[in-house]
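Shown here: final-v1.txt, compact mmCIF, C-alpha atoms and all ligand atoms.
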# COMPACT_ATOMS: atom_id res chain seq x y z
CA MET A 229 19.08 -90.09 -39.52
CA THR A 230 19.99 -92.29 -36.55
CA THR A 231 17.06 -92.72 -34.19
CA LEU A 232 16.39 -93.74 -30.61
CA ALA A 233 12.92 -94.78 -29.44
CA ILE A 234 11.84 -94.73 -25.81
CA THR A 235 8.97 -97.18 -25.83
CA GLY A 236 5.96 -98.17 -23.77
CA GLY A 237 6.15 -95.45 -21.12
CA GLN A 238 3.94 -92.74 -19.68
CA VAL A 239 5.14 -89.39 -21.00
CA LEU A 240 5.09 -86.15 -18.98
CA ARG A 241 4.00 -83.36 -21.34
CA PRO A 242 4.86 -79.64 -21.02
CA ASP A 243 1.38 -78.93 -19.56
CA LEU A 244 2.19 -81.57 -16.88
CA THR A 245 -0.41 -84.05 -18.12
CA VAL A 246 0.73 -87.64 -18.54
CA THR A 247 -0.13 -89.78 -21.58
CA ALA A 248 0.92 -93.24 -22.77
CA ALA A 249 3.24 -92.72 -25.76
CA ASP A 250 6.56 -93.53 -27.39
CA VAL A 251 9.23 -90.86 -27.83
CA LEU A 252 11.26 -90.86 -31.06
CA VAL A 253 14.61 -89.06 -30.95
CA ASP A 254 16.74 -87.84 -33.85
CA GLN A 255 20.18 -88.65 -32.43
CA ASP A 256 22.09 -86.71 -35.10
CA ALA A 257 20.23 -83.50 -34.30
CA GLY A 258 19.98 -84.34 -30.58
CA GLU A 259 16.28 -83.47 -30.74
CA ILE A 260 12.91 -85.06 -30.07
CA ARG A 261 11.34 -85.82 -33.43
CA GLU A 262 7.92 -87.07 -32.41
CA ILE A 263 5.85 -88.17 -29.41
CA GLY A 264 2.96 -90.55 -30.10
CA PRO A 265 1.83 -94.15 -30.44
CA ASP A 266 3.86 -96.92 -32.11
CA LEU A 267 7.05 -95.08 -33.04
CA ALA A 268 9.48 -97.89 -32.20
CA ASP A 269 9.37 -99.95 -35.39
CA ASP A 270 12.26 -98.54 -37.42
CA ALA A 271 14.35 -97.05 -34.64
CA ASP A 272 18.07 -97.83 -34.59
CA GLU A 273 18.17 -98.07 -30.80
CA THR A 274 15.44 -98.52 -28.19
CA LEU A 275 15.04 -97.90 -24.48
CA GLU A 276 12.36 -99.91 -22.68
CA ALA A 277 10.06 -97.71 -20.57
CA ALA A 278 7.15 -100.00 -19.58
CA ASN A 279 5.84 -99.17 -16.09
CA SER A 280 7.98 -96.04 -16.22
CA LEU A 281 7.53 -92.28 -16.52
CA VAL A 282 9.40 -90.55 -19.35
CA MET A 283 10.09 -86.94 -18.38
CA PRO A 284 12.42 -84.05 -19.17
CA GLY A 285 15.86 -84.54 -17.60
CA PHE A 286 16.33 -82.51 -14.44
CA VAL A 287 18.19 -79.21 -14.76
CA ASN A 288 20.45 -78.34 -11.82
CA GLY A 289 20.58 -74.54 -12.01
CA HIS A 290 23.35 -73.94 -9.47
CA CYS A 291 26.11 -76.33 -8.51
CA HIS A 292 29.82 -76.69 -7.77
CA VAL A 293 30.21 -80.30 -8.98
CA ALA A 294 33.81 -80.78 -7.86
CA MET A 295 32.81 -80.03 -4.27
CA THR A 296 31.75 -83.69 -4.05
CA LEU A 297 35.31 -84.17 -2.71
CA LEU A 298 34.26 -82.16 0.38
CA ARG A 299 30.98 -84.03 0.98
CA GLY A 300 30.69 -84.65 4.72
CA TYR A 301 33.96 -82.81 5.42
CA ALA A 302 32.39 -79.91 7.35
CA ASP A 303 28.78 -79.85 8.52
CA ASP A 304 26.56 -78.01 10.97
CA LYS A 305 27.98 -74.48 10.67
CA PRO A 306 26.55 -71.23 9.26
CA LEU A 307 27.71 -70.02 5.82
CA GLU A 308 30.50 -67.58 6.81
CA ALA A 309 32.15 -69.81 9.43
CA TRP A 310 31.77 -72.86 7.19
CA LEU A 311 33.45 -71.08 4.25
CA GLN A 312 36.21 -69.37 6.22
CA GLU A 313 37.13 -72.14 8.67
CA ASP A 314 36.67 -75.22 6.49
CA ILE A 315 35.81 -74.83 2.82
CA TRP A 316 38.17 -72.08 1.62
CA PRO A 317 41.26 -73.60 3.34
CA ALA A 318 40.47 -76.98 1.76
CA GLU A 319 39.77 -75.45 -1.65
CA GLY A 320 43.12 -73.66 -1.43
CA GLU A 321 44.77 -77.10 -1.61
CA LEU A 322 42.77 -78.39 -4.59
CA THR A 323 44.82 -79.20 -7.68
CA ALA A 324 43.50 -79.24 -11.25
CA ASP A 325 43.61 -83.04 -11.09
CA ASP A 326 41.55 -83.03 -7.87
CA VAL A 327 38.91 -80.83 -9.51
CA HIS A 328 38.75 -83.22 -12.47
CA ALA A 329 38.28 -86.20 -10.12
CA GLY A 330 35.61 -84.37 -8.09
CA ALA A 331 33.81 -83.17 -11.21
CA GLN A 332 33.68 -86.70 -12.62
CA LEU A 333 32.20 -87.97 -9.35
CA GLY A 334 29.61 -85.17 -9.33
CA LEU A 335 28.66 -85.77 -12.96
CA LEU A 336 28.33 -89.50 -12.29
CA GLU A 337 25.91 -88.69 -9.47
CA LEU A 338 23.97 -86.25 -11.67
CA ILE A 339 23.54 -88.83 -14.45
CA LYS A 340 22.50 -91.51 -11.96
CA SER A 341 19.82 -89.17 -10.59
CA GLY A 342 18.40 -88.20 -14.01
CA THR A 343 19.98 -84.75 -14.35
CA THR A 344 20.86 -83.82 -17.91
CA ALA A 345 22.07 -80.21 -17.48
CA VAL A 346 23.93 -78.27 -14.81
CA ALA A 347 25.11 -74.71 -14.26
CA ASP A 348 28.46 -74.92 -12.51
CA MET A 349 30.65 -72.28 -10.88
CA TYR A 350 34.17 -73.27 -9.81
CA PHE A 351 37.84 -72.93 -10.67
CA HIS A 352 40.07 -75.14 -12.87
CA VAL A 353 37.16 -74.91 -15.33
CA PRO A 354 39.11 -76.56 -18.21
CA GLU A 355 39.15 -79.75 -16.09
CA VAL A 356 35.41 -79.44 -15.37
CA ALA A 357 34.78 -78.91 -19.11
CA ASP A 358 36.82 -82.00 -19.95
CA ALA A 359 34.80 -84.06 -17.45
CA VAL A 360 31.52 -82.70 -18.90
CA GLU A 361 32.61 -83.52 -22.44
CA THR A 362 33.26 -87.15 -21.48
CA ALA A 363 30.19 -87.54 -19.25
CA GLY A 364 27.88 -86.37 -22.06
CA ILE A 365 25.62 -83.99 -20.15
CA ARG A 366 24.89 -80.34 -20.94
CA ALA A 367 26.50 -77.61 -18.80
CA ARG A 368 26.76 -73.85 -18.43
CA LEU A 369 30.22 -73.43 -16.92
CA GLY A 370 32.07 -70.50 -15.42
CA HIS A 371 35.04 -69.51 -13.28
CA GLY A 372 33.98 -68.06 -9.92
CA ILE A 373 35.71 -64.75 -9.13
CA VAL A 374 36.65 -63.67 -5.59
CA THR A 375 38.49 -60.34 -5.16
CA VAL A 376 38.19 -59.64 -1.43
CA GLY A 377 41.48 -60.03 0.41
CA LYS A 378 43.49 -59.97 -2.84
CA ASP A 379 45.73 -57.24 -4.16
CA ASP A 380 44.54 -55.49 -7.31
CA GLU A 381 46.74 -57.40 -9.75
CA VAL A 382 45.65 -60.83 -8.49
CA ALA A 383 42.00 -59.73 -8.33
CA ARG A 384 42.05 -58.47 -11.94
CA GLU A 385 43.72 -61.66 -13.07
CA ASP A 386 40.88 -63.66 -11.47
CA ALA A 387 38.23 -61.54 -13.21
CA ASN A 388 40.11 -61.85 -16.51
CA THR A 389 40.25 -65.63 -16.13
CA SER A 390 36.45 -65.74 -15.75
CA LEU A 391 36.02 -63.64 -18.88
CA GLU A 392 38.51 -65.65 -20.93
CA ILE A 393 37.03 -69.00 -19.85
CA ALA A 394 33.55 -67.72 -20.76
CA ARG A 395 34.77 -66.71 -24.24
CA GLU A 396 36.84 -69.82 -24.92
CA TYR A 397 34.45 -72.58 -23.83
CA ASP A 398 31.12 -71.19 -25.09
CA GLY A 399 29.88 -73.78 -27.60
CA ALA A 400 32.45 -76.46 -26.64
CA ALA A 401 31.65 -80.21 -26.67
CA ASP A 402 29.59 -79.83 -29.88
CA GLY A 403 27.50 -77.11 -28.26
CA ARG A 404 26.70 -79.02 -25.06
CA ILE A 405 28.87 -76.59 -23.09
CA SER A 406 27.82 -72.96 -22.76
CA THR A 407 29.32 -70.46 -20.34
CA ALA A 408 28.71 -67.45 -18.12
CA PHE A 409 30.74 -64.73 -16.41
CA LYS A 410 30.59 -65.65 -12.72
CA PRO A 411 31.47 -63.20 -9.94
CA HIS A 412 31.16 -65.29 -6.75
CA SER A 413 28.81 -62.83 -5.01
CA LEU A 414 28.05 -59.14 -4.54
CA THR A 415 30.07 -59.09 -1.29
CA THR A 416 33.09 -61.17 -2.34
CA VAL A 417 33.79 -59.15 -5.51
CA GLY A 418 34.58 -55.42 -5.22
CA SER A 419 32.33 -52.93 -7.03
CA GLU A 420 35.26 -51.56 -9.08
CA TYR A 421 35.75 -54.99 -10.66
CA LEU A 422 32.04 -55.38 -11.42
CA GLU A 423 32.02 -51.93 -13.04
CA GLU A 424 35.02 -52.80 -15.21
CA PHE A 425 34.24 -56.39 -16.18
CA VAL A 426 30.43 -56.61 -16.46
CA PRO A 427 30.44 -54.51 -19.70
CA LYS A 428 33.17 -56.80 -21.08
CA ALA A 429 31.00 -59.86 -20.33
CA ARG A 430 28.11 -58.18 -22.19
CA GLU A 431 30.42 -57.58 -25.15
CA ALA A 432 31.39 -61.26 -25.07
CA GLY A 433 27.67 -62.12 -25.21
CA VAL A 434 27.61 -64.35 -22.13
CA PRO A 435 25.16 -64.20 -19.20
CA ILE A 436 26.19 -63.29 -15.66
CA HIS A 437 25.62 -65.63 -12.73
CA TYR A 438 26.34 -64.95 -9.04
CA HIS A 439 25.25 -65.78 -5.49
CA ALA A 440 22.92 -63.06 -4.17
CA ASN A 441 20.89 -62.38 -1.01
CA GLU A 442 21.85 -65.77 0.41
CA THR A 443 22.12 -64.70 4.08
CA GLU A 444 21.21 -61.59 6.10
CA ASN A 445 24.97 -61.06 6.52
CA GLU A 446 25.29 -60.60 2.75
CA VAL A 447 22.53 -58.00 2.60
CA ALA A 448 23.58 -55.70 5.46
CA PRO A 449 27.08 -54.69 4.20
CA ILE A 450 25.70 -53.62 0.80
CA VAL A 451 22.92 -51.60 2.38
CA GLU A 452 25.47 -49.97 4.73
CA GLU A 453 28.11 -49.26 2.12
CA HIS A 454 25.99 -48.34 -0.89
CA GLY A 455 22.60 -47.40 0.60
CA GLN A 456 20.87 -49.87 -1.70
CA ARG A 457 19.37 -53.34 -1.44
CA PRO A 458 21.70 -55.92 -3.09
CA LEU A 459 19.59 -56.40 -6.21
CA GLU A 460 19.18 -52.64 -6.71
CA TYR A 461 22.97 -52.45 -6.46
CA ALA A 462 23.27 -55.31 -8.99
CA ALA A 463 20.80 -53.66 -11.37
CA ASP A 464 22.78 -50.40 -11.25
CA ARG A 465 25.88 -52.34 -12.27
CA GLY A 466 24.13 -53.95 -15.23
CA MET A 467 23.89 -57.39 -13.64
CA LEU A 468 20.13 -57.88 -13.83
CA GLU A 469 19.42 -58.70 -17.46
CA PRO A 470 17.00 -61.32 -18.89
CA GLU A 471 19.84 -63.79 -19.60
CA ASP A 472 21.36 -63.43 -16.10
CA PHE A 473 20.53 -65.67 -13.15
CA ILE A 474 21.23 -65.47 -9.44
CA ALA A 475 21.64 -68.28 -6.92
CA HIS A 476 19.61 -68.29 -3.68
CA GLY A 477 17.56 -65.06 -3.46
CA VAL A 478 16.62 -65.96 0.12
CA HIS A 479 16.47 -62.48 1.66
CA VAL A 480 14.73 -60.45 -1.05
CA ASP A 481 12.20 -57.72 -0.31
CA ASP A 482 9.13 -56.78 -2.38
CA ARG A 483 11.03 -54.20 -4.44
CA GLU A 484 13.74 -56.75 -5.30
CA ILE A 485 11.14 -59.34 -6.31
CA GLU A 486 9.58 -56.71 -8.57
CA LEU A 487 13.02 -55.91 -10.04
CA LEU A 488 13.64 -59.60 -10.81
CA ALA A 489 10.23 -59.96 -12.46
CA GLU A 490 10.62 -56.78 -14.53
CA ALA A 491 14.15 -57.67 -15.62
CA GLY A 492 13.38 -61.32 -16.41
CA THR A 493 16.43 -62.38 -14.39
CA GLY A 494 16.15 -65.99 -13.16
CA VAL A 495 16.46 -67.14 -9.57
CA ILE A 496 17.91 -70.54 -8.71
CA HIS A 497 16.42 -71.62 -5.40
CA CYS A 498 18.66 -74.01 -3.38
CA PRO A 499 16.42 -75.17 -0.52
CA ALA A 500 18.64 -77.93 0.92
CA SER A 501 21.70 -75.67 1.12
CA ASN A 502 19.60 -72.84 2.62
CA MET A 503 18.22 -75.16 5.29
CA LYS A 504 21.53 -76.88 6.08
CA LEU A 505 23.50 -73.64 6.46
CA GLY A 506 20.58 -72.06 8.33
CA SER A 507 20.49 -69.27 5.71
CA GLY A 508 16.70 -68.79 5.73
CA MET A 509 13.58 -69.49 3.68
CA ALA A 510 13.29 -67.99 0.17
CA PRO A 511 9.84 -66.52 -0.59
CA VAL A 512 9.38 -68.87 -3.55
CA GLN A 513 5.59 -68.62 -3.89
CA ARG A 514 5.76 -64.82 -3.75
CA MET A 515 8.40 -64.82 -6.49
CA LEU A 516 6.32 -67.20 -8.64
CA ASP A 517 3.21 -65.04 -8.10
CA ALA A 518 5.18 -61.97 -9.19
CA GLY A 519 6.19 -63.73 -12.42
CA VAL A 520 9.85 -64.40 -11.58
CA THR A 521 11.45 -67.35 -13.41
CA VAL A 522 12.45 -69.71 -10.59
CA GLY A 523 14.51 -72.87 -11.02
CA LEU A 524 16.14 -75.25 -8.55
CA GLY A 525 19.76 -76.11 -7.78
CA THR A 526 21.57 -78.33 -5.33
CA ASP A 527 24.49 -75.95 -4.68
CA GLY A 528 27.67 -77.92 -3.85
CA ALA A 529 27.63 -81.37 -2.26
CA ALA A 530 29.33 -79.98 0.86
CA SER A 531 26.17 -78.03 1.78
CA ASN A 532 23.45 -80.47 0.67
CA ASN A 533 24.96 -83.24 0.85
CA ASP A 534 23.83 -84.94 -2.37
CA LEU A 535 23.18 -83.79 -5.93
CA SER A 536 19.74 -85.38 -6.44
CA MET A 537 17.24 -82.96 -8.00
CA LEU A 538 14.38 -85.19 -6.82
CA ASP A 539 15.49 -84.49 -3.23
CA GLU A 540 15.72 -80.80 -4.12
CA ALA A 541 12.18 -80.81 -5.53
CA ARG A 542 10.78 -82.31 -2.35
CA ASP A 543 12.75 -79.86 -0.20
CA ALA A 544 11.52 -76.92 -2.32
CA ALA A 545 7.88 -77.95 -1.99
CA MET A 546 8.15 -78.52 1.77
CA LEU A 547 10.16 -75.38 2.56
CA GLY A 548 8.01 -73.26 0.25
CA LYS A 549 4.93 -74.14 2.32
CA LEU A 550 6.71 -73.27 5.58
CA ALA A 551 7.96 -69.96 4.14
CA ALA A 552 4.44 -69.03 2.99
CA ASP A 553 2.74 -70.53 6.06
CA ASP A 554 0.37 -72.12 3.54
CA ALA A 555 0.08 -75.81 2.56
CA SER A 556 -1.15 -74.85 -0.91
CA ALA A 557 2.04 -72.86 -1.67
CA VAL A 558 4.72 -74.33 -3.98
CA SER A 559 2.45 -77.12 -5.20
CA ALA A 560 3.61 -80.39 -6.76
CA GLU A 561 2.93 -78.92 -10.23
CA ALA A 562 4.91 -75.74 -9.47
CA THR A 563 7.77 -77.83 -8.10
CA VAL A 564 8.01 -80.20 -11.08
CA ASP A 565 7.86 -77.19 -13.39
CA MET A 566 10.73 -75.49 -11.48
CA VAL A 567 12.99 -78.55 -11.51
CA THR A 568 12.65 -78.94 -15.31
CA ARG A 569 11.46 -75.95 -17.41
CA GLY A 570 12.04 -73.30 -14.73
CA SER A 571 15.71 -74.18 -14.25
CA ALA A 572 16.28 -74.53 -18.00
CA ASP A 573 14.69 -71.14 -18.72
CA ALA A 574 16.63 -69.48 -15.89
CA ILE A 575 20.01 -70.70 -17.12
CA GLY A 576 19.15 -70.14 -20.78
CA LEU A 577 18.68 -73.65 -22.17
CA ALA A 578 15.88 -74.88 -24.45
CA SER A 579 15.57 -78.19 -22.58
CA GLY A 580 13.19 -78.96 -19.71
CA ARG A 581 10.18 -79.96 -21.84
CA LEU A 582 9.31 -83.02 -23.93
CA GLU A 583 7.91 -81.94 -27.29
CA ALA A 584 8.85 -82.27 -30.96
CA GLY A 585 11.86 -80.08 -31.74
CA ALA A 586 13.03 -79.80 -28.12
CA PRO A 587 16.48 -81.05 -27.08
CA ALA A 588 16.41 -84.80 -26.44
CA ASP A 589 17.34 -84.48 -22.76
CA LEU A 590 15.23 -86.87 -20.69
CA ALA A 591 15.02 -89.18 -17.70
CA VAL A 592 13.00 -92.37 -17.31
CA ILE A 593 11.69 -93.08 -13.82
CA ASP A 594 10.91 -96.68 -12.82
CA LEU A 595 7.47 -96.69 -11.17
CA GLU A 596 7.59 -100.29 -9.91
CA ALA A 597 8.46 -99.46 -6.31
CA PRO A 598 6.49 -99.67 -3.06
CA HIS A 599 6.94 -95.93 -2.41
CA LEU A 600 5.48 -95.12 -5.86
CA THR A 601 2.37 -97.30 -5.38
CA PRO A 602 -0.51 -96.55 -6.03
CA ARG A 603 -0.29 -94.12 -8.95
CA HIS A 604 -3.05 -91.55 -8.39
CA ASP A 605 -0.89 -88.67 -9.58
CA LEU A 606 2.59 -89.05 -11.10
CA VAL A 607 3.38 -85.33 -10.74
CA SER A 608 2.77 -85.73 -7.01
CA HIS A 609 5.13 -88.71 -6.98
CA LEU A 610 7.88 -86.67 -8.65
CA ALA A 611 7.55 -83.85 -6.11
CA TYR A 612 7.07 -85.91 -2.97
CA ALA A 613 7.92 -89.60 -3.29
CA ALA A 614 10.40 -90.51 -6.04
CA THR A 615 14.12 -90.82 -5.29
CA ALA A 616 17.32 -90.74 -7.32
CA ALA A 617 17.55 -94.55 -7.24
CA ASP A 618 14.24 -94.75 -9.17
CA VAL A 619 15.86 -93.22 -12.26
CA ARG A 620 16.26 -96.03 -14.78
CA HIS A 621 17.63 -94.38 -17.95
CA THR A 622 19.17 -90.97 -18.67
CA VAL A 623 19.45 -89.45 -22.17
CA CYS A 624 21.14 -86.16 -23.10
CA ASP A 625 21.46 -84.60 -26.56
CA GLY A 626 19.95 -87.81 -27.98
CA GLN A 627 22.67 -90.05 -26.50
CA VAL A 628 21.97 -92.71 -23.86
CA LEU A 629 24.13 -91.83 -20.82
CA MET A 630 22.61 -94.43 -18.48
CA ARG A 631 20.74 -97.61 -19.43
CA ASP A 632 19.06 -99.66 -16.69
CA ARG A 633 21.17 -97.89 -13.99
CA GLU A 634 24.47 -98.55 -15.82
CA VAL A 635 26.28 -95.34 -16.75
CA LEU A 636 27.76 -95.80 -20.22
CA THR A 637 30.00 -92.73 -20.45
CA LEU A 638 31.94 -93.05 -17.17
CA GLU A 639 33.48 -96.07 -15.44
CA GLU A 640 31.60 -95.86 -12.17
CA ALA A 641 33.98 -97.88 -9.97
CA ALA A 642 37.07 -96.12 -11.32
CA VAL A 643 35.53 -92.66 -10.88
CA ARG A 644 34.56 -93.43 -7.27
CA GLU A 645 37.98 -94.88 -6.44
CA ARG A 646 39.88 -91.93 -7.94
CA ALA A 647 37.66 -89.41 -6.12
CA LEU A 648 38.11 -91.28 -2.85
CA GLU A 649 41.89 -91.15 -3.21
CA ALA A 650 41.86 -87.46 -4.16
CA ALA A 651 39.58 -86.54 -1.25
CA THR A 652 41.63 -88.53 1.28
CA SER A 653 44.89 -86.96 0.14
CA LEU A 654 43.29 -83.48 0.14
CA VAL A 655 42.14 -83.74 3.74
CA GLU A 656 45.58 -85.02 4.80
CA ARG A 657 47.21 -81.97 3.17
CA VAL A 658 44.76 -79.54 4.82
CA ASP A 659 45.24 -81.08 8.26
CA THR A 660 49.06 -80.90 8.22
ZN ZN A 701 26.80 -71.87 -4.53
Can the structure from this file be put into structure tokens for me?
Amino acid sequence: MTTLAITGGQVLRPDLTVTAADVLVDQDAGEIREIGPDLADDADETLEAANSLVMPGFVNGHCHVAMTLLRGYADDKPLEAWLQEDIWPAEGELTADDVHAGAQLGLLELIKSGTTAVADMYFHVPEVADAVETAGIRARLGHGIVTVGKDDEVAREDANTSLEIAREYDGAADGRISTAFKPHSLTTVGSEYLEEFVPKAREAGVPIHYHANETENEVAPIVEEHGQRPLEYAADRGMLEPEDFIAHGVHVDDREIELLAEAGTGVIHCPASNMKLGSGMAPVQRMLDAGVTVGLGTDGAASNNDLSMLDEARDAAMLGKLAADDASAVSAEATVDMVTRGSADAIGLASGRLEAGAPADLAVIDLEAPHLTPRHDLVSHLAYAATAADVRHTVCDGQVLMRDREVLTLEEAAVRERALEAATSLVERVDT
């Protein structure tokens, strides 16, 4: 057995208490073997964690990593105008090579901010999978289907691609890659395609992930056309199962919250994207009170505009209080739980907790910073004060991906330069 010891740190336990301990990792199994005192002696490799907090790696439950190429390209517009006027025309010009460059940049940013798993919806998924394999993180990947505005043959081909990608890549990269069937949303995919392909996704044994109830404009057409709230409509089409997860869930009513809780379907809350696009405030505390599994996601970098889950945690806590009109809502504890275990549970991963037998996916946060002094409550610091730049080491599946801020699996300068070139060329093509 090859072992890695993370030594001398404060360890965040699943019950959100913090104790001084070492963490011993079985690198062959990719699992935590033991947490306790003095475990460093015989380890093959060590990571120094003095004056640091050792915690589960962040889990980004909803992202489009390659959209880093469009960071800062189009801001300050509502969702529909932003998609139709700026994002979709630019995405229409993206090549497979562009998506690979953008995905590498996004994964670099995720590793540098302590994220060890991501659920990603995009196209050119083989390129995203290749970037994930090299970067070393864990990912649930899928091809996003859009059928509106397409003739039947092209629409069916898109749905088939999502199904085939889900089948082919499930278990890739030694099991670090899992997949899902990913219709873009309930309004951008026609009901006839959902009725045909959702049963096929069930047969393939993959979960279903889609954007739902993001804006009022997404709710109204479904109510008008089908006489049902969007999540009732989804449930009737077999898209609300325990393994499924939706992104956003901003405009959900009491009945829909009840449906989510009964079904065990996860919700990935994306507070920064919801605020930036003016989409609204998700009733996060009400969903938590009802027993819904809630995790956090950044959404794409074009609507955030970064991929830091520490930023997302702070945004979730702040926005959750505003939404509930209650300062005690979405507490620091609830927020830290959502950004780790909640996201992992929602997207169907066993990570998000540090305990013997759990996946060795963890982040080490450097506490020697003015904004993290004093240290009354480290859970509070994670929710409200820590930033991506405080992440010192990142470990996924037992492998060290970043040591003392140096990413070991990707050449940072080369990844940035390639993405810069791809993004510059993309914008030139769109503008001509
Ligand atoms: Zn999204």
Around ligand ZN 701 (chain A), out to 8 Å and counting all atoms listed in the file, which residues are there? I want them as a count of residues only. 8
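Counting only C-alpha atoms and comparing A:Ala591, A:Ala347, A:Ala560, A:Met509, the residue that lies closest to Leu629 of chain A is A:Ala591.
We find atom CA of Gly494 of chain A and atom CA of Trp316 of chain A to be spaced 27.2 Å apart.
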Shortest interatomic distance to His328 of chain A - which of A:Arg646, A:Arg395, A:Arg430, A:Arg620, counting only C-alpha atoms: A:Arg646
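Closest approach to Arg581 of chain A among A:Asp243, A:Glu361, A:Glu471, A:Asp464: A:Asp243, based on all atoms listed in the file.
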Given all atoms listed in the file as the counted atoms, nearest of A:Ala318, A:Ala613, A:Leu600, A:Ala440 to Val480 of chain A: A:Ala440
Find, counting all atoms listed in the file, the residue in A:Val353, A:Ala367, A:Tyr612, A:Leu488 that gets nearest to Ala518 of chain A. A:Leu488
